[in-house]
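Peer 1: My structure is in entry-v2.txt, and what it holds is compact mmCIF, C-alpha atoms (C1' of nucleotides):
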```txt
# COMPACT_ATOMS: atom_id res chain seq x y z
CA MET A 1 41.73 81.12 134.88
CA THR A 2 43.37 77.83 133.95
CA GLU A 3 41.27 75.33 132.11
CA PRO A 4 41.26 71.90 133.76
CA ARG A 5 43.69 69.68 131.92
CA ASN A 6 41.15 66.94 131.44
CA GLY A 7 39.10 69.30 129.36
CA SER A 8 35.93 68.79 131.30
CA ASN A 9 33.74 70.60 133.74
CA ALA A 10 32.39 67.32 135.06
CA ASP A 11 32.32 66.67 138.76
CA VAL A 12 35.45 64.73 139.57
CA THR A 13 34.61 64.29 143.22
CA THR A 14 33.14 61.00 144.34
CA SER A 15 30.10 60.71 146.54
CA GLU A 16 32.49 60.14 149.43
CA GLY A 17 34.06 63.52 148.81
CA ILE A 18 37.33 62.25 147.38
CA ASP A 19 38.98 64.61 144.93
CA THR A 20 40.04 62.51 141.95
CA GLN A 21 40.78 65.37 139.61
CA VAL A 22 44.52 64.97 139.95
CA ILE A 23 44.48 61.44 138.54
CA GLU A 24 41.60 61.75 136.08
CA ALA A 25 43.60 64.47 134.39
CA PHE A 26 45.85 61.73 133.05
CA LEU A 27 45.08 59.84 129.89
CA GLY A 28 46.98 56.85 131.22
CA TYR A 29 44.65 56.54 134.18
CA SER A 30 41.48 56.89 132.15
CA ALA A 31 42.68 54.58 129.41
CA ARG A 32 43.56 51.87 131.88
CA ARG A 33 40.32 52.17 133.82
CA ALA A 34 38.22 52.13 130.66
CA SER A 35 40.18 49.21 129.28
CA LEU A 36 39.63 47.20 132.46
CA VAL A 37 35.89 47.90 132.45
CA ILE A 38 35.55 46.87 128.81
CA LEU A 39 37.70 43.77 129.28
CA ALA A 40 35.85 42.64 132.39
CA ASN A 41 32.58 42.89 130.52
CA PHE A 42 34.07 40.95 127.63
CA VAL A 43 35.27 38.17 129.92
CA ARG A 44 31.88 37.93 131.58
CA ARG A 45 30.04 37.75 128.26
CA MET A 46 32.50 35.27 126.79
CA ALA A 47 32.49 32.99 129.81
CA PRO A 48 30.06 30.47 128.24
CA LEU A 49 32.57 29.90 125.44
CA ALA A 50 35.56 29.79 127.80
CA LEU A 51 37.56 32.22 125.70
CA ARG A 52 39.83 34.86 127.15
CA PRO A 53 40.29 38.05 125.18
CA VAL A 54 43.65 36.89 123.87
CA ASP A 55 42.19 33.51 122.86
CA PHE A 56 39.48 35.22 120.86
CA THR A 57 42.02 37.53 119.28
CA VAL A 58 44.21 34.67 118.13
CA LEU A 59 41.28 32.64 116.85
CA ALA A 60 39.82 35.61 114.99
CA LEU A 61 43.17 36.39 113.40
CA ALA A 62 43.64 32.76 112.40
CA GLY A 63 40.21 32.89 110.82
CA SER A 64 40.99 35.99 108.79
CA ASN A 65 44.54 34.94 108.07
CA PRO A 66 44.76 31.20 107.47
CA GLY A 67 48.34 30.04 107.85
CA ILE A 68 49.38 32.90 110.11
CA THR A 69 52.46 31.96 112.13
CA SER A 70 53.31 32.31 115.80
CA SER A 71 56.01 34.85 115.10
CA GLN A 72 53.54 37.01 113.19
CA LEU A 73 51.12 36.85 116.09
CA CYS A 74 53.88 37.68 118.55
CA GLN A 75 54.89 40.75 116.61
CA LEU A 76 51.32 41.90 116.00
CA LEU A 77 50.00 41.36 119.52
CA ASP A 78 53.14 42.11 121.53
CA ILE A 79 53.17 38.65 123.05
CA GLN A 80 56.36 36.83 124.00
CA SER A 81 56.73 33.65 121.99
CA PRO A 82 57.07 31.32 125.01
CA ASN A 83 53.70 32.51 126.25
CA LEU A 84 52.09 32.04 122.88
CA VAL A 85 53.27 28.43 122.75
CA VAL A 86 51.10 27.53 125.73
CA LEU A 87 48.13 29.47 124.41
CA ILE A 88 48.27 27.76 121.01
CA LYS A 89 48.69 24.35 122.58
CA GLN A 90 45.50 24.88 124.57
CA LEU A 91 43.52 25.94 121.50
CA GLN A 92 44.92 22.95 119.67
CA ASP A 93 43.99 20.57 122.50
CA ARG A 94 40.45 21.93 122.33
CA GLY A 95 40.34 21.10 118.65
CA LEU A 96 39.86 24.71 117.60
CA ILE A 97 42.98 25.14 115.50
CA GLU A 98 45.35 23.01 113.49
CA ARG A 99 49.03 23.62 112.84
CA ARG A 100 50.33 22.81 109.41
CA PRO A 101 53.87 23.13 108.07
CA HIS A 102 54.58 26.48 106.47
CA PRO A 103 54.70 26.14 102.68
CA THR A 104 58.10 27.79 102.27
CA ASP A 105 59.68 28.08 105.73
CA GLY A 106 60.56 24.74 107.30
CA ARG A 107 60.87 26.28 110.74
CA ALA A 108 57.43 27.79 110.87
CA MET A 109 53.98 26.35 111.40
CA GLY A 110 50.83 27.93 110.01
CA LEU A 111 47.68 28.20 112.09
CA HIS A 112 44.33 27.17 110.64
CA LEU A 113 40.89 27.08 112.20
CA THR A 114 39.16 23.72 112.35
CA ALA A 115 35.48 23.52 111.46
CA SER A 116 34.77 23.47 115.17
CA GLY A 117 37.04 26.45 115.67
CA GLN A 118 35.31 28.39 112.90
CA GLY A 119 31.96 27.69 114.50
CA LEU A 120 33.18 28.89 117.87
CA VAL A 121 34.70 32.03 116.39
CA ASP A 122 31.41 32.84 114.73
CA GLN A 123 29.57 32.54 118.01
CA ALA A 124 32.30 34.44 119.83
CA THR A 125 32.26 37.27 117.32
CA THR A 126 28.58 37.82 117.95
CA LEU A 127 29.12 37.80 121.69
CA ALA A 128 32.12 40.12 121.38
CA HIS A 129 30.09 42.66 119.46
CA GLU A 130 27.37 42.48 122.09
CA ALA A 131 29.94 42.94 124.83
CA ASP A 132 31.46 45.89 123.02
CA ASP A 133 28.08 47.50 122.52
CA GLU A 134 27.22 47.01 126.17
CA ALA A 135 30.53 48.39 127.41
CA SER A 136 30.13 51.46 125.24
CA GLY A 137 26.46 51.79 126.03
CA LYS A 138 26.90 55.27 127.45
CA LEU A 139 28.32 56.48 124.14
CA SER A 140 26.44 57.48 121.03
CA ALA A 141 27.30 55.67 117.81
CA ALA A 142 29.30 58.68 116.69
CA GLU A 143 31.17 58.86 119.98
CA ARG A 144 31.95 55.18 119.79
CA GLN A 145 33.49 55.57 116.35
CA THR A 146 35.43 58.60 117.49
CA LEU A 147 36.76 56.74 120.50
CA ALA A 148 37.83 53.78 118.38
CA ARG A 149 39.57 56.07 115.92
CA LEU A 150 41.45 58.00 118.62
CA LEU A 151 42.53 54.84 120.40
CA ARG A 152 43.96 53.41 117.20
CA LYS A 153 45.75 56.67 116.59
CA VAL A 154 47.42 56.33 119.97
CA TYR A 155 48.71 52.79 119.65
CA GLN A 156 49.44 52.57 115.96
CA MET B 1 26.87 49.28 101.69
CA THR B 2 27.74 48.54 105.28
CA GLU B 3 29.99 50.97 107.03
CA PRO B 4 32.98 49.29 108.66
CA ARG B 5 32.18 48.86 112.33
CA ASN B 6 35.36 50.54 113.44
CA GLY B 7 34.22 53.71 111.76
CA SER B 8 37.35 54.18 109.74
CA ASN B 9 38.63 53.87 106.24
CA ALA B 10 42.18 53.44 107.49
CA ASP B 11 44.28 50.59 106.23
CA VAL B 12 43.93 47.82 108.74
CA THR B 13 46.39 45.53 107.02
CA THR B 14 49.94 45.38 108.32
CA SER B 15 52.99 45.61 106.15
CA GLU B 16 53.21 41.84 106.34
CA GLY B 17 49.80 41.56 104.78
CA ILE B 18 47.94 40.46 107.89
CA ASP B 19 44.28 41.43 107.99
CA THR B 20 43.63 42.88 111.43
CA GLN B 21 40.26 44.39 110.64
CA VAL B 22 38.39 41.70 112.53
CA ILE B 23 40.05 42.56 115.84
CA GLU B 24 40.48 46.30 115.40
CA ALA B 25 36.72 46.49 115.01
CA PHE B 26 36.49 45.87 118.75
CA LEU B 27 36.72 48.66 121.27
CA GLY B 28 38.11 46.22 123.82
CA TYR B 29 41.09 45.44 121.64
CA SER B 30 41.89 49.04 120.82
CA ALA B 31 41.38 50.21 124.39
CA ARG B 32 43.71 47.59 125.75
CA ARG B 33 46.39 48.20 123.15
CA ALA B 34 46.27 51.95 123.64
CA SER B 35 46.29 51.55 127.39
CA LEU B 36 49.39 49.34 127.24
CA VAL B 37 51.23 51.80 125.00
CA ILE B 38 50.42 54.72 127.27
CA LEU B 39 51.30 52.78 130.42
CA ALA B 40 54.60 51.50 129.03
CA ASN B 41 55.58 55.05 128.18
CA PHE B 42 54.57 56.16 131.66
CA VAL B 43 56.68 53.46 133.30
CA ARG B 44 59.69 54.35 131.17
CA ARG B 45 59.41 58.06 131.99
CA MET B 46 58.79 57.42 135.67
CA ALA B 47 61.66 54.97 136.04
CA PRO B 48 64.04 57.56 137.57
CA LEU B 49 61.57 58.04 140.43
CA ALA B 50 60.90 54.31 140.80
CA LEU B 51 57.15 54.79 140.81
CA ARG B 52 54.73 52.40 139.17
CA PRO B 53 51.49 53.83 137.84
CA VAL B 54 49.59 52.58 140.86
CA ASP B 55 52.17 54.05 143.24
CA PHE B 56 51.82 57.44 141.62
CA THR B 57 48.05 57.17 141.72
CA VAL B 58 48.01 56.44 145.45
CA LEU B 59 50.53 59.17 146.24
CA ALA B 60 48.68 61.72 144.15
CA LEU B 61 45.38 60.84 145.81
CA ALA B 62 46.96 61.04 149.24
CA GLY B 63 48.27 64.46 148.29
CA SER B 64 44.87 65.72 147.20
CA ASN B 65 43.02 63.92 149.96
CA PRO B 66 45.01 63.96 153.19
CA GLY B 67 43.74 61.28 155.53
CA ILE B 68 42.29 59.09 152.80
CA THR B 69 41.93 55.50 153.99
CA SER B 70 42.86 52.18 152.47
CA SER B 71 39.26 51.16 152.09
CA GLN B 72 38.51 54.35 150.18
CA LEU B 73 41.44 53.69 147.86
CA CYS B 74 40.34 50.09 147.37
CA GLN B 75 36.86 51.15 146.36
CA LEU B 76 38.04 53.99 144.14
CA LEU B 77 40.82 52.12 142.34
CA ASP B 78 39.33 48.61 142.28
CA ILE B 79 42.23 47.20 144.24
CA GLN B 80 41.89 44.29 146.66
CA SER B 81 42.76 45.36 150.17
CA PRO B 82 45.43 42.68 150.76
CA ASN B 83 47.32 43.99 147.73
CA LEU B 84 47.05 47.56 148.88
CA VAL B 85 48.57 46.66 152.25
CA VAL B 86 51.85 45.70 150.57
CA LEU B 87 51.82 48.76 148.35
CA ILE B 88 51.28 51.15 151.25
CA LYS B 89 53.93 49.44 153.34
CA GLN B 90 56.47 50.00 150.57
CA LEU B 91 55.59 53.68 150.25
CA GLN B 92 55.81 53.99 154.02
CA ASP B 93 59.20 52.26 154.11
CA ARG B 94 60.43 54.76 151.54
CA GLY B 95 59.34 57.58 153.80
CA LEU B 96 56.83 58.94 151.29
CA ILE B 97 53.67 58.56 153.34
CA GLU B 98 52.66 58.41 156.98
CA ARG B 99 49.72 56.59 158.49
CA ARG B 100 47.86 58.31 161.26
CA PRO B 101 44.88 57.07 163.24
CA HIS B 102 41.56 58.07 161.75
CA PRO B 103 39.97 60.87 163.80
CA THR B 104 36.63 59.12 164.25
CA ASP B 105 37.06 55.48 163.16
CA GLY B 106 39.35 53.50 165.40
CA ARG B 107 39.76 50.77 162.81
CA ALA B 108 40.99 52.99 160.01
CA MET B 109 44.29 54.69 159.31
CA GLY B 110 44.54 57.92 157.31
CA LEU B 111 47.26 58.36 154.72
CA HIS B 112 49.31 61.55 154.64
CA LEU B 113 52.20 62.56 152.41
CA THR B 114 55.48 63.32 154.13
CA ALA B 115 57.48 66.36 153.01
CA SER B 116 59.65 63.98 151.03
CA GLY B 117 56.57 62.36 149.56
CA GLN B 118 55.10 65.71 148.55
CA GLY B 119 58.35 66.61 146.82
CA LEU B 120 58.38 63.34 144.93
CA VAL B 121 54.75 63.70 143.91
CA ASP B 122 55.48 67.15 142.53
CA GLN B 123 58.32 65.81 140.41
CA ALA B 124 56.26 62.80 139.39
CA THR B 125 53.31 64.93 138.35
CA THR B 126 55.51 66.87 135.96
CA LEU B 127 56.92 63.66 134.52
CA ALA B 128 53.45 62.14 134.26
CA HIS B 129 52.17 65.08 132.26
CA GLU B 130 55.17 64.83 129.95
CA ALA B 131 54.55 61.11 129.54
CA ASP B 132 50.89 61.72 128.80
CA ASP B 133 51.71 64.38 126.24
CA GLU B 134 54.23 62.12 124.57
CA ALA B 135 51.89 59.14 124.46
CA SER B 136 49.16 61.25 122.92
CA GLY B 137 51.58 63.03 120.60
CA LYS B 138 49.73 61.91 117.52
CA LEU B 139 46.56 63.59 118.74
CA SER B 140 45.65 67.24 118.54
CA ALA B 141 44.81 69.03 121.77
CA ALA B 142 41.13 68.80 120.91
CA GLU B 143 41.38 65.11 120.12
CA ARG B 144 43.19 64.50 123.39
CA GLN B 145 40.41 66.14 125.36
CA THR B 146 37.79 64.24 123.42
CA LEU B 147 39.56 60.96 124.08
CA ALA B 148 39.82 61.69 127.81
CA ARG B 149 36.15 62.61 127.95
CA LEU B 150 34.99 59.49 126.12
CA LEU B 151 37.19 57.20 128.22
CA ARG B 152 35.77 58.64 131.42
CA LYS B 153 32.29 58.18 130.03
CA VAL B 154 33.02 54.49 129.52
CA TYR B 155 34.35 53.66 132.97
CA GLN B 156 32.34 56.02 135.14
C1' DT C 1 26.62 41.66 162.38
C1' DA C 2 29.45 44.48 159.31
C1' DT C 3 33.73 46.84 158.23
C1' DT C 4 38.94 48.02 158.39
C1' DG C 5 43.06 46.26 157.99
C1' DT C 6 46.15 42.25 158.01
C1' DT C 7 48.61 37.66 156.91
C1' DA C 8 49.28 33.91 154.09
C1' DT C 9 48.70 31.89 149.90
C1' DA C 10 47.23 30.63 145.26
C1' DC C 11 46.44 31.83 140.67
C1' DT C 12 47.21 34.32 136.39
C1' DC C 13 49.94 37.00 133.43
C1' DT C 14 54.27 38.33 131.61
C1' DA C 15 59.34 38.11 130.93
C1' DT C 16 63.97 35.84 130.52
C1' DA C 17 67.46 32.22 129.61
C1' DA C 18 68.79 28.46 127.10
C1' DC C 19 68.04 25.21 123.62
C1' DT C 20 66.76 22.83 118.53
C1' DA C 21 66.03 23.07 114.02
C1' DT C 22 65.99 25.60 109.88
C1' DA C 23 66.99 29.89 106.91
C1' DT D 1 74.57 34.47 111.93
C1' DA D 2 69.68 35.12 112.44
C1' DT D 3 64.99 33.42 113.02
C1' DA D 4 60.86 30.10 114.42
C1' DG D 5 59.55 27.56 117.85
C1' DT D 6 60.13 25.23 122.35
C1' DT D 7 61.07 24.25 127.48
C1' DA D 8 61.71 25.64 131.98
C1' DT D 9 61.48 29.06 135.21
C1' DA D 10 61.23 33.52 137.44
C1' DG D 11 58.79 37.66 138.41
C1' DA D 12 54.88 40.74 138.72
C1' DG D 13 50.08 41.33 139.27
C1' DT D 14 45.74 39.91 141.11
C1' DA D 15 42.42 37.18 143.89
C1' DT D 16 40.68 34.35 147.89
C1' DA D 17 40.41 32.60 152.71
C1' DA D 18 40.83 33.39 157.33
C1' DC D 19 41.68 36.32 161.10
C1' DA D 20 41.83 40.44 164.87
C1' DA D 21 40.15 44.82 166.15
C1' DT D 22 36.62 48.11 166.02
C1' DA D 23 31.94 50.01 164.47
```
Give the structure from this file in C-alpha cells form.
Peer 2:
Amino acid sequence: MTEPRNGSNADVTTSEGIDTQVIEAFLGYSARRASLVILANFVRRMAPLALRPVDFTVLALAGSNPGITSSQLCQLLDIQSPNLVVLIKQLQDRGLIERRPHPTDGRAMGLHLTASGQGLVDQATTLAHEADDEASGKLSAAERQTLARLLRKVYQ
Amino acid sequence: MTEPRNGSNADVTTSEGIDTQVIEAFLGYSARRASLVILANFVRRMAPLALRPVDFTVLALAGSNPGITSSQLCQLLDIQSPNLVVLIKQLQDRGLIERRPHPTDGRAMGLHLTASGQGLVDQATTLAHEADDEASGKLSAAERQTLARLLRKVYQ
DNA sequence: TATTGTTATACTCTATAACTATA
DNA sequence: TATAGTTATAGAGTATAACAATA
C-alpha cells in the first residue's frame, strides 16, 4: 500500500471528475498555484494605492534600509538591473522616493523614501497585512506561521 | 512583547546588513520567492525533455484524464483559452498528444497522449519528482508533506 | 443565448547586449 | 579589470476582442 506522495487523503478529484492527483503531488505545482492566489489577492487589495507587489517590496525595503542601492535590491530580489531602473524611475516620478549620491561609492545612488513615500508605505503595509490575512484565511495562526517558515526554508 | 509576525526568530538580515524583516513577514513574498526557486529548478531539470512546467502539467493531466478538453484545462489551470490553443498546437506538432472529437459535444476536442507522449510523460514524471525532492532538500519528509498540505489549503 | 475553440493582437514581465562612469 | 547604473531591445508570458461552429 503506497502512501500518496502528496501526503494527504484529501479528494484530489474536481467536481467535474478530473483526476488532479498526478500534478498536485508536486510541490512546484502547489507552490505556484498558491503564490498566484496570494499575489492576485494582494494586487486587488493594493489597487487603490496603485502599487504592484514589487513596488511595495522596493518601497518597504527603502523604508527599512535608507540608502539602499539598486545593486543591493537586484541581488536581494533577483531582479535584473535594467528592469529595476524603470521601476525606480516610476517611483521617483511619483514622488515616493529620492535618490541621493552614495556616501562612499561615486557610482552608486542610495534610495530614500520621501515623506509622501513613507506615508504611502504605511498605508500599504496595513493593506498588505490585510491581504495576507485574507489569502491565508483558511489557515490557523499556527499553520500560517508554519507555512511561512517552510517557505523561507525552501528559498533561503 | 509582540511576536514577530513571520513566526520565526531566524536572522532576517542579509550578510550585507540589509533588513529584510519587513518583507519576509508577508506570506505573499515568501510564497512567490519559494515558487520561483522551485520552478527554476524544475525548468533546469526538465531542460533535456524541453518541457516547461505548464507543458508537463497539461501532458500529465491528459495522461490521467484521457479525453480532457481545453475548456476543462482552462478552468482547472487558470489559463486563458487563446493561450492554451498555442500550447496544445505545439504539443500536437511534437507528436505528444492527439485531439479527437468529443463523443457527445460536437464543439469540443478531447486530448489523448500518443505512445510517444506517454513515454515522455513517464520520463518527465521521474525528473519532476527528482526536481521536487531537490528543491525541498532542506525540508524533512514531514515538513515537505506539511508544506504541500498548507499550500493546497491556500489555493483550493 | 451560451459555450468551445480559434485568430489576431496588445500588454506586462523578464532577459540580454552594449555602453558610461567610477572603483 | 570589475562594478553601478543606464539605454535599447528582444523574448516569454498573459490578457482582451472578435469571430465561427455547436449546444
Peer 1: Chain B residues within 7 Å of chain A, counting all atoms listed in the file: which ones, as an NGL selection string?
Peer 2: :B and (6-8 or 18-20 or 22-23 or 26-28 or 30-35 or 37-39 or 57 or 60-61 or 64-65 or 132 or 135-136 or 138 or 145 or 147-148 or 150-155)
Peer 1: If the cut-off is 12 Å, can you tell me the residues of chain D near chain B, counting all atoms listed in the file? I'd like them as a ChimeraX atom specification.
Peer 2: /D:12-17,20-23
Peer 1: Can you measure atom CA of B:Ile97 to atom CA of B:Thr126 for me? One decimal in Å is fine.
Peer 2: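 Result for atom CA of B:Ile97 versus atom CA of B:Thr126: 19.4 Å, one decimal.
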Peer 1: Compare B:Val85, B:Leu113, B:Leu91, B:Leu127 by their minimum atom-to-atom distance to chain C, counting all atoms listed in the file, and give me the closest one.
Peer 2: B:Val85
Peer 1: Residues of chain C no more than 8 Å from chain B, counting only C-alpha atoms (C1' of nucleotides): send them over as a ChimeraX atom specification.
Peer 2: /C:4-6
Peer 1: Leaving out B:Glu98 and any residue of its chain fewer than 3 positions from it, which residues lie within 10 Å of it when counting only C-alpha atoms (C1' of nucleotides), given as a PyMOL selection string?
Peer 2: chain B and resi 62+67+88-89+91-93+95+109-114+117
Peer 1: Work out how far atom C1' of D:DA4 is from atom CA of A:Cys74, in Å to one decimal.
Peer 2: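 That distance, rounded to one decimal, is 11.1 Å.
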Peer 1: Rounded to one decimal place, report the atom CA of A:Thr104-atom C1' of C:DT22 distance in Å.
Peer 2: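 Spanning atom CA of A:Thr104 to atom C1' of C:DT22 is a straight-line distance of 11.2 Å.
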Peer 1: Skipping near chain neighbours, those fewer than 4 positions away, what residues fall within 9 Å of stretch 6-9 of chain D using all atoms listed in the file, listed as an mmCIF file with C-alpha atoms (C1' of nucleotides), in the frame of the given file?
Peer 2:
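Below you can see around.cif, which holds the result:
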```cif
data_model
loop_
_atom_site.group_PDB
_atom_site.id
_atom_site.type_symbol
_atom_site.label_atom_id
_atom_site.label_comp_id
_atom_site.auth_asym_id
_atom_site.auth_seq_id
_atom_site.Cartn_x
_atom_site.Cartn_y
_atom_site.Cartn_z
ATOM 1 C CA PRO A 82 57.070 31.320 125.010
ATOM 2 C CA VAL A 85 53.270 28.430 122.750
ATOM 3 C "C1'" DT C 16 63.970 35.840 130.520
ATOM 4 C "C1'" DA C 17 67.460 32.220 129.610
ATOM 5 C "C1'" DA C 18 68.790 28.460 127.100
ATOM 6 C "C1'" DC C 19 68.040 25.210 123.620
ATOM 7 C "C1'" DT C 20 66.760 22.830 118.530
#
```
